[in-house]
$ cat structure29.pdb   # PDB, C-alpha atoms
ATOM      1  CA  MET A1444      -4.327 -22.641 -18.258
ATOM      2  CA  SER A1445      -4.546 -19.053 -19.564
ATOM      3  CA  ILE A1446      -1.528 -16.931 -20.493
ATOM      4  CA  ASP A1447      -2.227 -14.691 -17.501
ATOM      5  CA  ARG A1448      -2.211 -17.629 -15.095
ATOM      6  CA  ASN A1449       0.986 -18.927 -16.692
ATOM      7  CA  ILE A1450       2.663 -15.567 -16.110
ATOM      8  CA  VAL A1451       1.806 -15.497 -12.404
ATOM      9  CA  HIS A1452       2.683 -19.167 -11.861
ATOM     10  CA  LEU A1453       6.089 -18.541 -13.471
ATOM     11  CA  VAL A1454       6.786 -15.530 -11.248
ATOM     12  CA  ILE A1455       5.918 -17.553  -8.124
ATOM     13  CA  LYS A1456       8.110 -20.468  -9.244
ATOM     14  CA  LEU A1457      11.074 -18.161  -9.913
ATOM     15  CA  ARG A1458      10.919 -16.686  -6.390
ATOM     16  CA  PRO A1459      10.913 -19.642  -3.945
ATOM     17  CA  TRP A1460      12.454 -17.529  -1.161
ATOM     18  CA  THR A1461       9.152 -15.692  -0.721
ATOM     19  CA  MET A1462       7.845 -18.747   1.148
ATOM     20  CA  ASN A1463      10.293 -18.015   3.974
ATOM     21  CA  PHE A1464       9.181 -14.531   4.994
ATOM     22  CA  PRO A1465       7.194 -11.638   3.493
ATOM     23  CA  SER A1466       9.056  -8.973   1.540
ATOM     24  CA  ILE A1467       6.540  -6.267   2.484
ATOM     25  CA  VAL A1468       5.251  -5.940   6.039
ATOM     26  CA  GLN A1469       2.428  -3.527   6.824
ATOM     27  CA  PRO A1470       1.519  -2.946  10.498
ATOM     28  CA  GLU A1471      -1.585  -0.820  10.992
ATOM     29  CA  THR A1472      -0.613   1.866  13.525
ATOM     30  CA  VAL A1473      -4.032   3.604  13.345
ATOM     31  CA  ASN A1474      -7.374   2.178  12.199
ATOM     32  CA  PHE A1475      -9.513   5.308  11.917
ATOM     33  CA  CYS A1476      -9.478   8.372   9.710
ATOM     34  CA  ASN A1477     -10.498  12.041   9.713
ATOM     35  CA  ALA A1478     -12.030  11.792   6.235
ATOM     36  CA  LYS A1479     -14.788   9.728   4.652
ATOM     37  CA  CYS A1480     -13.597   9.139   1.097
ATOM     38  CA  ILE A1481     -16.089   7.706  -1.360
ATOM     39  CA  MET A1482     -13.728   4.939  -2.542
ATOM     40  CA  CYS A1483     -12.598   3.788   0.910
ATOM     41  CA  PRO A1484     -14.413   1.312   3.215
ATOM     42  CA  THR A1485     -12.511   2.218   6.399
ATOM     43  CA  SER A1486     -15.561   3.787   8.037
ATOM     44  CA  LYS A1487     -17.379   0.442   7.642
ATOM     45  CA  GLY A1488     -14.922  -1.339   9.924
ATOM     46  CA  THR A1489     -16.361  -3.041  13.001
ATOM     47  CA  LYS A1490     -13.187  -3.347  15.092
ATOM     48  CA  PRO A1491     -12.648  -0.929  18.020
ATOM     49  CA  LYS A1492     -10.871   2.246  16.928
ATOM     50  CA  GLY A1493      -7.454   3.069  18.294
ATOM     51  CA  PHE A1494      -3.683   2.822  17.936
ATOM     52  CA  MET A1495      -1.419  -0.218  17.696
ATOM     53  CA  ASP A1496       0.306  -0.943  21.000
ATOM     54  CA  PHE A1497       3.971   0.033  20.671
ATOM     55  CA  GLY A1498       5.053  -3.219  22.324
ATOM     56  CA  LEU A1499       3.271  -5.196  19.611
ATOM     57  CA  TYR A1500       4.780  -2.940  16.944
ATOM     58  CA  LYS A1501       8.283  -3.516  18.348
ATOM     59  CA  LYS A1502       7.708  -7.259  18.311
ATOM     60  CA  ILE A1503       6.785  -7.047  14.612
ATOM     61  CA  ILE A1504       9.755  -4.853  13.670
ATOM     62  CA  ASP A1505      12.216  -6.907  15.716
ATOM     63  CA  GLU A1506      11.209 -10.129  13.945
ATOM     64  CA  CYS A1507      11.497  -8.364  10.602
ATOM     65  CA  ALA A1508      14.995  -7.176  11.577
ATOM     66  CA  ARG A1509      15.999 -10.770  12.358
ATOM     67  CA  ASN A1510      14.827 -11.664   8.842
ATOM     68  CA  LYS A1511      16.089  -8.528   7.102
ATOM     69  CA  GLU A1512      17.445 -10.469   4.143
ATOM     70  CA  TYR A1513      13.829 -10.998   3.062
ATOM     71  CA  VAL A1514      12.115  -7.744   4.051
ATOM     72  CA  LYS A1515      12.355  -4.965   1.467
ATOM     73  CA  ALA A1516       9.734  -2.521   2.745
ATOM     74  CA  LEU A1517       7.790  -1.561   5.863
ATOM     75  CA  TYR A1518       4.548   0.396   5.678
ATOM     76  CA  PRO A1519       3.386   1.556   9.152
ATOM     77  CA  PHE A1520      -0.186   2.308   8.075
ATOM     78  CA  GLN A1521      -3.203   0.502   6.673
ATOM     79  CA  ASN A1522      -6.786   1.689   6.952
ATOM     80  CA  GLY A1523      -6.439   4.847   9.036
ATOM     81  CA  GLU A1524      -4.740   8.216   8.670
ATOM     82  CA  PRO A1525      -1.291   7.665  10.253
ATOM     83  CA  LEU A1526      -0.719  11.311  11.179
ATOM     84  CA  ILE A1527      -3.616  11.095  13.651
ATOM     85  CA  HIS A1528      -1.297   9.119  15.935
ATOM     86  CA  PRO A1529       0.325  11.568  18.403
ATOM     87  CA  GLU A1530       3.566   9.545  18.317
ATOM     88  CA  PHE A1531       3.596   8.496  14.649
ATOM     89  CA  SER A1532       7.253   9.507  14.219
ATOM     90  CA  LYS A1533       8.337   7.138  17.035
ATOM     91  CA  TYR A1534       7.105   4.198  14.958
ATOM     92  CA  ILE A1535       9.034   5.354  11.888
ATOM     93  CA  GLU A1536      12.212   6.028  13.870
ATOM     94  CA  TYR A1537      12.144   2.611  15.519
ATOM     95  CA  ALA A1538      11.810   0.837  12.165
ATOM     96  CA  LYS A1539      14.720   2.786  10.652
ATOM     97  CA  LYS A1540      16.842   2.224  13.749
ATOM     98  CA  GLN A1541      16.421  -1.543  13.461
ATOM     99  CA  ASN A1542      17.417  -1.563   9.796
ATOM    100  CA  ASN A1543      18.300   1.523   7.797
ATOM    101  CA  GLN A1544      18.308  -0.409   4.520
ATOM    102  CA  TRP A1545      14.643  -1.281   4.123
ATOM    103  CA  GLU A1546      12.252   1.283   2.721
ATOM    104  CA  VAL A1547       9.843   2.811   5.221
ATOM    105  CA  ALA A1548       6.933   4.516   3.464
ATOM    106  CA  LEU A1549       3.865   6.323   4.743
ATOM    107  CA  TYR A1550       0.599   7.091   2.939
ATOM    108  CA  THR A1551      -1.312  10.149   4.142
ATOM    109  CA  ASN A1552      -4.112  12.466   3.083
ATOM    110  CA  ALA A1553      -1.867  15.324   4.340
ATOM    111  CA  SER A1554      -4.740  17.173   6.003
ATOM    112  CA  LEU A1555      -2.867  17.087   9.346
ATOM    113  CA  LEU A1556       0.558  17.830   7.849
ATOM    114  CA  ASP A1557       1.331  21.015   9.779
ATOM    115  CA  LYS A1558       4.832  22.391  10.421
ATOM    116  CA  ASN A1559       5.293  20.399  13.616
ATOM    117  CA  LYS A1560       4.493  17.090  11.917
ATOM    118  CA  THR A1561       6.554  18.110   8.884
ATOM    119  CA  LEU A1562       9.645  18.584  11.063
ATOM    120  CA  LYS A1563       9.046  15.254  12.801
ATOM    121  CA  ILE A1564       8.825  13.468   9.449
ATOM    122  CA  LEU A1565      11.935  15.177   8.079
ATOM    123  CA  GLU A1566      13.922  14.057  11.144
ATOM    124  CA  SER A1567      12.437  10.554  11.396
ATOM    125  CA  GLY A1568      14.377   8.888   8.569
ATOM    126  CA  LEU A1569      11.227   8.193   6.518
ATOM    127  CA  ASP A1570      12.124   7.171   2.965
ATOM    128  CA  THR A1571       8.883   7.901   1.121
ATOM    129  CA  LEU A1572       5.848  10.054   1.857
ATOM    130  CA  VAL A1573       2.919   9.248  -0.424
ATOM    131  CA  VAL A1574       0.157  11.855  -0.522
ATOM    132  CA  SER A1575      -3.233  10.702  -1.767
ATOM    133  CA  PHE A1576      -4.669  13.740  -3.525
ATOM    134  CA  ASP A1577      -7.665  12.953  -5.711
ATOM    135  CA  GLY A1578      -8.485  15.907  -7.885
ATOM    136  CA  PHE A1579      -7.068  18.880  -9.732
ATOM    137  CA  ARG A1580     -10.091  21.051  -8.985
ATOM    138  CA  LYS A1581     -11.365  21.911  -5.513
ATOM    139  CA  GLU A1582     -14.899  20.764  -6.357
ATOM    140  CA  THR A1583     -13.697  17.354  -7.514
ATOM    141  CA  TYR A1584     -11.362  16.809  -4.582
ATOM    142  CA  GLU A1585     -13.898  17.744  -1.908
ATOM    143  CA  SER A1586     -16.611  15.588  -3.510
ATOM    144  CA  ILE A1587     -14.278  12.572  -3.189
ATOM    145  CA  ARG A1588     -12.320  13.223   0.007
ATOM    146  CA  ILE A1589     -15.295  14.211   2.109
ATOM    147  CA  GLY A1590     -14.398  16.185   5.216
ATOM    148  CA  LEU A1591     -11.102  17.567   3.893
ATOM    149  CA  ASN A1592     -10.299  21.069   2.642
ATOM    150  CA  PHE A1593      -8.629  21.199  -0.776
ATOM    151  CA  ASP A1594      -6.848  24.527  -0.226
ATOM    152  CA  GLN A1595      -5.489  23.585   3.189
ATOM    153  CA  VAL A1596      -4.218  20.175   2.061
ATOM    154  CA  LYS A1597      -2.561  21.648  -1.029
ATOM    155  CA  LYS A1598      -0.857  24.283   1.125
ATOM    156  CA  ASN A1599       0.327  21.605   3.557
ATOM    157  CA  VAL A1600       1.958  19.596   0.787
ATOM    158  CA  ILE A1601       3.653  22.599  -0.836
ATOM    159  CA  ASP A1602       4.882  23.833   2.562
ATOM    160  CA  PHE A1603       6.307  20.362   3.266
ATOM    161  CA  ILE A1604       8.165  20.300  -0.051
ATOM    162  CA  ASN A1605       9.526  23.824   0.458
ATOM    163  CA  LEU A1606      10.706  23.131   4.021
ATOM    164  CA  LYS A1607      12.367  19.905   2.895
ATOM    165  CA  LYS A1608      14.277  21.867   0.241
ATOM    166  CA  SER A1609      15.258  24.647   2.644
ATOM    167  CA  MET A1610      16.681  22.052   5.049
ATOM    168  CA  ASN A1611      18.594  20.330   2.192
ATOM    169  CA  LYS A1612      16.932  17.018   2.943
ATOM    170  CA  ASN A1613      16.960  14.259   0.334
ATOM    171  CA  ASN A1614      14.346  12.187   2.157
ATOM    172  CA  PRO A1615      11.569  11.473   2.235
ATOM    173  CA  GLU A1616      10.740  11.391  -1.442
ATOM    174  CA  VAL A1617       7.342  12.977  -1.938
ATOM    175  CA  HIS A1618       4.922  11.128  -4.214
ATOM    176  CA  LEU A1619       1.577  12.609  -5.243
ATOM    177  CA  VAL A1620      -1.039  10.008  -6.173
ATOM    178  CA  ILE A1621      -4.382  10.443  -7.899
ATOM    179  CA  ILE A1622      -6.795   7.545  -8.397
ATOM    180  CA  ALA A1623      -8.122   7.253 -11.940
ATOM    181  CA  MET A1624     -11.911   6.971 -11.756
ATOM    182  CA  ASP A1625     -14.907   8.607 -13.367
ATOM    183  CA  LYS A1626     -14.755  11.728 -11.184
ATOM    184  CA  THR A1627     -11.018  12.352 -11.752
ATOM    185  CA  ARG A1628     -10.253  10.970 -15.200
ATOM    186  CA  GLY A1629     -10.718  14.284 -16.991
ATOM    187  CA  GLU A1630      -8.317  16.014 -14.580
ATOM    188  CA  VAL A1631      -5.418  13.551 -14.575
ATOM    189  CA  LYS A1632      -3.287  15.394 -17.139
ATOM    190  CA  ASP A1633      -3.758  18.743 -15.384
ATOM    191  CA  PHE A1634      -2.886  17.069 -12.087
ATOM    192  CA  GLU A1635       0.308  15.584 -13.524
ATOM    193  CA  ARG A1636       1.255  18.894 -15.113
ATOM    194  CA  GLU A1637       0.777  20.830 -11.872
ATOM    195  CA  TRP A1638       2.701  18.503  -9.566
ATOM    196  CA  LYS A1639       5.491  17.118 -11.762
ATOM    197  CA  ASN A1640       7.865  19.979 -10.961
ATOM    198  CA  LEU A1641       7.012  19.993  -7.258
ATOM    199  CA  ALA A1642       6.877  16.352  -6.179
ATOM    200  CA  ASP A1643       9.576  13.729  -6.666
ATOM    201  CA  ARG A1644       7.043  11.520  -8.418
ATOM    202  CA  VAL A1645       3.477  11.782  -9.662
ATOM    203  CA  GLU A1646       1.492   8.557  -9.931
ATOM    204  CA  VAL A1647      -1.854   7.680 -11.429
ATOM    205  CA  SER A1648      -3.254   4.782  -9.444
ATOM    206  CA  HIS A1649      -5.878   2.269 -10.539
ATOM    207  CA  PHE A1650      -9.194   2.363  -8.753
ATOM    208  CA  SER A1651      -9.554  -0.541  -6.314
ATOM    209  CA  ASN A1652     -12.941  -2.063  -5.524
ATOM    210  CA  TRP A1653     -11.522  -3.491  -2.279
ATOM    211  CA  GLY A1654     -12.499  -7.025  -3.224
ATOM    212  CA  GLY A1655     -16.010  -5.977  -4.164
ATOM    213  CA  GLN A1656     -16.557  -4.144  -0.865
ATOM    214  CA  VAL A1657     -17.055  -0.681  -2.385
ATOM    215  CA  ASP A1658     -19.104   0.509  -5.337
ATOM    216  CA  GLU A1659     -17.471   0.545  -8.757
ATOM    217  CA  LEU A1660     -16.456   4.162  -9.357
ATOM    218  CA  ASP A1661     -14.534   3.632 -12.580
ATOM    219  CA  SER A1662     -16.746   2.654 -15.510
ATOM    220  CA  GLN A1663     -13.659   2.075 -17.694
ATOM    221  CA  ASP A1664     -12.256  -0.544 -15.362
ATOM    222  CA  ILE A1665     -15.071  -2.884 -14.378
ATOM    223  CA  LEU A1666     -13.753  -6.248 -13.176
ATOM    224  CA  LYS A1667     -13.746  -8.950 -15.816
ATOM    225  CA  GLU A1668     -13.464 -12.664 -15.163
ATOM    226  CA  ASN A1669      -9.937 -13.408 -14.043
ATOM    227  CA  TYR A1670      -8.596 -16.558 -12.435
ATOM    228  CA  ALA A1671      -4.900 -15.717 -12.045
ATOM    229  CA  PRO A1672      -3.421 -16.009  -8.530
ATOM    230  CA  CYS A1673      -2.642 -12.876  -6.544
ATOM    231  CA  LEU A1674       1.028 -12.351  -5.765
ATOM    232  CA  ARG A1675       0.238 -10.568  -2.524
ATOM    233  CA  LEU A1676      -0.159 -13.979  -0.873
ATOM    234  CA  TRP A1677       3.520 -14.600  -1.622
ATOM    235  CA  GLU A1678       4.991 -11.224  -0.714
ATOM    236  CA  HIS A1679       2.810  -8.950   1.427
ATOM    237  CA  LEU A1680       1.729  -9.309   5.079
ATOM    238  CA  VAL A1681      -0.834  -6.957   6.638
ATOM    239  CA  ILE A1682      -1.204  -6.724  10.422
ATOM    240  CA  LEU A1683      -4.260  -4.952  11.816
ATOM    241  CA  ARG A1684      -4.104  -2.707  14.858
ATOM    242  CA  ASP A1685      -5.088  -5.471  17.302
ATOM    243  CA  GLY A1686      -2.503  -7.956  15.988
ATOM    244  CA  THR A1687      -4.825  -9.831  13.616
ATOM    245  CA  VAL A1688      -3.051 -10.758  10.391
ATOM    246  CA  SER A1689      -5.571 -10.205   7.618
ATOM    247  CA  LEU A1690      -5.670 -11.874   4.232
ATOM    248  CA  CYS A1691      -4.429  -8.731   2.497
ATOM    249  CA  CYS A1692      -4.782  -4.944   2.536
ATOM    250  CA  ASN A1693      -8.312  -5.263   1.076
ATOM    251  CA  ASP A1694      -9.395  -7.357   4.048
ATOM    252  CA  PHE A1695      -9.698  -4.183   6.126
ATOM    253  CA  ASP A1696     -11.900  -5.727   8.833
ATOM    254  CA  GLY A1697     -10.021  -9.019   9.206
ATOM    255  CA  ARG A1698     -12.828 -11.216   7.871
ATOM    256  CA  PHE A1699     -10.246 -13.744   6.625
ATOM    257  CA  PRO A1700      -7.658 -13.901   9.448
ATOM    258  CA  LEU A1701      -4.397 -15.746   8.874
ATOM    259  CA  GLY A1702      -3.283 -15.580  12.495
ATOM    260  CA  ASP A1703      -2.716 -13.334  15.501
ATOM    261  CA  LEU A1704       0.627 -11.732  16.301
ATOM    262  CA  THR A1705      -0.247 -11.141  19.929
ATOM    263  CA  TYR A1706       0.742 -14.779  20.499
ATOM    264  CA  GLN A1707       2.196 -16.015  17.178
ATOM    265  CA  THR A1708       5.210 -15.036  15.094
ATOM    266  CA  ILE A1709       5.244 -13.705  11.541
ATOM    267  CA  LYS A1710       7.150 -16.768  10.369
ATOM    268  CA  GLU A1711       4.614 -19.160  11.938
ATOM    269  CA  ILE A1712       1.765 -17.404  10.176
ATOM    270  CA  TRP A1713       3.591 -16.921   6.852
ATOM    271  CA  GLN A1714       4.487 -20.599   6.665
ATOM    272  CA  GLY A1715       1.270 -21.783   8.316
ATOM    273  CA  GLU A1716      -1.585 -23.972   7.173
ATOM    274  CA  ILE A1717      -4.189 -21.229   6.721
ATOM    275  CA  ILE A1718      -2.230 -19.062   4.281
ATOM    276  CA  ASN A1719      -0.912 -22.111   2.426
ATOM    277  CA  ASP A1720      -4.473 -23.349   1.903
ATOM    278  CA  TYR A1721      -5.376 -19.946   0.444
ATOM    279  CA  ARG A1722      -2.297 -20.052  -1.799
ATOM    280  CA  LYS A1723      -3.329 -23.478  -3.090
ATOM    281  CA  ALA A1724      -6.835 -22.175  -3.744
ATOM    282  CA  HIS A1725      -5.397 -19.327  -5.803
ATOM    283  CA  LEU A1726      -3.076 -21.620  -7.751
ATOM    284  CA  ASN A1727      -6.073 -23.851  -8.520
ATOM    285  CA  SER A1728      -8.306 -20.867  -9.407
ATOM    286  CA  ASP A1729     -10.706 -21.936  -6.676
ATOM    287  CA  PHE A1730     -12.166 -18.816  -5.075
ATOM    288  CA  SER A1731     -15.239 -20.494  -3.589
ATOM    289  CA  SER A1732     -13.991 -19.875  -0.041
ATOM    290  CA  LEU A1733     -12.620 -16.421  -0.898
ATOM    291  CA  PRO A1734     -15.340 -14.186  -2.341
ATOM    292  CA  ILE A1735     -13.189 -11.152  -1.550
ATOM    293  CA  CYS A1736     -10.567 -12.486  -4.003
ATOM    294  CA  LYS A1737     -13.044 -13.511  -6.685
ATOM    295  CA  LYS A1738     -14.418  -9.960  -6.870
ATOM    296  CA  CYS A1739     -11.080  -8.157  -6.472
ATOM    297  CA  SER A1740      -9.945  -5.772  -9.206
ATOM    298  CA  TYR A1741      -6.327  -5.717  -8.002
ATOM    299  CA  ARG A1742      -5.460  -8.975  -9.781
ATOM    300  CA  LEU A1743      -6.228  -7.283 -13.116
ATOM    301  CA  HIS A1744      -3.826  -4.439 -12.335
ATOM    302  CA  GLN A1745      -1.227  -6.927 -11.122
ATOM    303  CA  LEU A1746      -1.340  -8.686 -14.490
ATOM    304  CA  SER A1747      -0.959  -5.390 -16.330
ATOM    305  CA  LEU A1748       2.141  -4.582 -14.288
ATOM    306  CA  LEU A1749       3.618  -8.044 -14.835
ATOM    307  CA  ARG A1750       3.082  -7.834 -18.580
ATOM    308  CA  LYS A1751       4.880  -4.466 -18.663
ATOM    309  CA  LEU A1752       7.724  -5.846 -16.544
ATOM    310  CA  ILE A1753       8.186  -8.878 -18.804
ATOM    311  CA  PHE A1754       8.054  -6.679 -21.912
ATOM    312  CA  ARG A1755      10.751  -4.394 -20.474
ATOM    313  CA  GLN A1756      12.981  -7.351 -19.617
ATOM    314  CA  VAL A1757      12.584  -8.900 -23.082
ATOM    315  CA  PHE A1758      13.133  -5.531 -24.787
ATOM    316  CA  LYS A1759      16.251  -4.947 -22.679
ATOM    317  CA  LYS A1760      17.716  -8.306 -23.732
ATOM    318  CA  ILE A1761      17.024  -7.548 -27.397
ATOM    319  CA  ILE A1762      18.744  -4.160 -27.144
ATOM    320  CA  ASN A1763      21.754  -5.634 -25.328
ATOM    321  CA  LYS A1764      22.237  -8.205 -28.095
ATOM    322  CA  LYS A1765      22.524  -5.533 -30.772
TER     323      LYS A1765
END
$ encode --input "structure29.pdb" --output "structure tokens"
Amino acid sequence: MSIDRNIVHLVIKLRPWTMNFPSIVQPETVNFCNAKCIMCPTSKGTKPKGFMDFGLYKKIIDECARNKEYVKALYPFQNGEPLIHPEFSKYIEYAKKQNNQWEVALYTNASLLDKNKTLKILESGLDTLVVSFDGFRKETYESIRIGLNFDQVKKNVIDFINLKKSMNKNNPEVHLVIIAMDKTRGEVKDFEREWKNLADRVEVSHFSNWGGQVDELDSQDILKENYAPCLRLWEHLVILRDGTVSLCCNDFDGRFPLGDLTYQTIKEIWQGEIINDYRKAHLNSDFSSLPICKKCSYRLHQLSLLRKLIFRQVFKKIINKK
């Protein structure tokens, strides 16, 4: 067994409670988008486009609230642009009303972030607003986020930040994220420099190949052979708009369904035979039935994060001993 596999196996063994209920729950409130980004497969989805029924959403949130000792975060988005939903703030407010302690975060391209939506977000109780903004230069941004206007989106984000400050609001935290890939790599430092004094956090995200479902756009990060399990199977549950529980966030079209929340519960699915078979396959490095996992670049980034976490913990213990 490789060192990398040992690391992941140890993390799983040290967290047995994750078998009870997911710590991150992600219901897809919208499954279509107003952009056609070059690194995103959303437009390839075959499921009917629309919004998640609020009754289904309530069922999901209510079960999470009954298991709030396990749930750390709720993400009411997945493949689509959440601000397209005319009642997006109702979904956020309901989640915060059921439990004010878990983090509710929203990812957006911010193209629809006008003053009306800004005010709704600022009053909704949202904890974190993550803006995906790929590019420092207009030409770069618009060649990646096809269909969006660089100047308008930038103005929307700055206006949001300024209105939040003028209203003396602490939340939501505003995170600006750029994906490191061939088109953006030369602009990352300029991007960080520009936004670090405006946003609460600036993040450089790894490029994801969506389990081999999109072209490799980062020549410095081509997937290498890797047989370590993916921790998402032990912590993260993704529910598509129609109630299908997909294998993970990369399974955008539900090709590997774990269950259906229109007639099942989260706990039934999370502790069920299908997901446990997939967990065993990962632990045994057998991806023959899961080509999406075999080709997935996320497991490499997961290992990088785990190594950094372990290093920090070891370093902290050494410092405390001195």
$ resolve_selection --input "structure29.pdb" --expression "the PyMOL selection byres ((chain A and resi 1606-1622) around 9)" --output "ChimeraX atom specification"
/A:1548,1558,1561-1562,1564-1565,1568-1578,1600-1605,1623-1624,1627-1628,1631,1634-1635,1638-1639,1641-1651
$ closest_residue --input "structure29.pdb" --among "A:Pro1700, A:Gly1590, A:Gly1686, A:Gly1715" --to "Ala1478 in chain A" --atoms "only C-alpha atoms"
A:Gly1590
$ closest_residue --input "structure29.pdb" --among "A:Leu1555, A:Met1462, A:Val1657, A:Ile1709" --to "Cys1476 in chain A" --atoms "only C-alpha atoms"
A:Leu1555
$ resolve_selection --input "structure29.pdb" --expression "the PyMOL selection byres ((chain A and resi 1699) around 6)" --output "list of chain:residue names"
A:Ser1689, A:Leu1690, A:Gly1697, A:Arg1698, A:Pro1700
$ write_last_selection --input "structure29.pdb" --atoms "C-alpha atoms" --output "mmCIF file, in the coordinates of the input"
data_model
loop_
_atom_site.group_PDB
_atom_site.id
_atom_site.type_symbol
_atom_site.label_atom_id
_atom_site.label_comp_id
_atom_site.auth_asym_id
_atom_site.auth_seq_id
_atom_site.Cartn_x
_atom_site.Cartn_y
_atom_site.Cartn_z
ATOM 1 C CA SER A 1689 -5.571 -10.205 7.618
ATOM 2 C CA LEU A 1690 -5.670 -11.874 4.232
ATOM 3 C CA GLY A 1697 -10.021 -9.019 9.206
ATOM 4 C CA ARG A 1698 -12.828 -11.216 7.871
ATOM 5 C CA PRO A 1700 -7.658 -13.901 9.448
#
$ closest_residue --input "structure29.pdb" --among "A:Gly1654, A:Pro1484, A:Pro1529, A:Pro1465" --to "Cys1507 in chain A" --atoms "only C-alpha atoms"
A:Pro1465
$ resolve_selection --input "structure29.pdb" --expression "the PyMOL selection byres ((chain A and resi 1596) around 9)" --output "PyMOL selection string"
chain A and resi 1552-1556+1576+1591-1595+1597-1601
$ atom_distance --input "structure29.pdb" --atom1 "CA of Lys1563 in chain A" --atom2 "CA of Lys1533 in chain A"
9.2 Å
$ residues_around --input "structure29.pdb" --residues "Ile1535 in chain A" --least-positions-apart "5" --cutoff "12 Å" --atoms "all atoms listed in the file" --output "PyMOL selection string"
chain A and resi 1470+1472+1497+1500-1501+1504+1517-1520+1525-1526+1528+1530+1540-1543+1545-1549+1563-1572+1615
$ residues_around --input "structure29.pdb" --residues "range 1710-1713 of chain A" --least-positions-apart "2" --cutoff "9 Å" --atoms "only C-alpha atoms" --output "ChimeraX atom specification"
/A:1462-1465,1506,1677,1680,1688,1701-1704,1707-1708,1715-1719
$ write_last_selection --input "structure29.pdb" --atoms "C-alpha atoms" --output "compact mmCIF listing (two decimals), in the frame of the given file"
# COMPACT_ATOMS: atom_id res chain seq x y z
CA MET A 1462 7.84 -18.75 1.15
CA ASN A 1463 10.29 -18.02 3.97
CA PHE A 1464 9.18 -14.53 4.99
CA PRO A 1465 7.19 -11.64 3.49
CA GLU A 1506 11.21 -10.13 13.94
CA TRP A 1677 3.52 -14.60 -1.62
CA LEU A 1680 1.73 -9.31 5.08
CA VAL A 1688 -3.05 -10.76 10.39
CA LEU A 1701 -4.40 -15.75 8.87
CA GLY A 1702 -3.28 -15.58 12.50
CA ASP A 1703 -2.72 -13.33 15.50
CA LEU A 1704 0.63 -11.73 16.30
CA GLN A 1707 2.20 -16.02 17.18
CA THR A 1708 5.21 -15.04 15.09
CA GLY A 1715 1.27 -21.78 8.32
CA GLU A 1716 -1.58 -23.97 7.17
CA ILE A 1717 -4.19 -21.23 6.72
CA ILE A 1718 -2.23 -19.06 4.28
CA ASN A 1719 -0.91 -22.11 2.43
$ atom_distance --input "structure29.pdb" --atom1 "CA of Phe1695 in chain A" --atom2 "CA of Met1482 in chain A"
13.2 Å
$ atom_distance --input "structure29.pdb" --atom1 "CA of Lys1511 in chain A" --atom2 "CA of Glu1536 in chain A"
16.5 Å
$ residues_around --input "structure29.pdb" --residues "Asp1696 in chain A" --least-positions-apart "3" --cutoff "7 Å" --atoms "only C-alpha atoms" --output "list in words"
Gly1488, Thr1489 and Lys1490 of chain A
$ closest_residue --input "structure29.pdb" --among "A:Cys1673, A:Leu1499, A:Ala1724, A:Val1473" --to "Phe1531 in chain A" --atoms "only C-alpha atoms"
A:Val1473
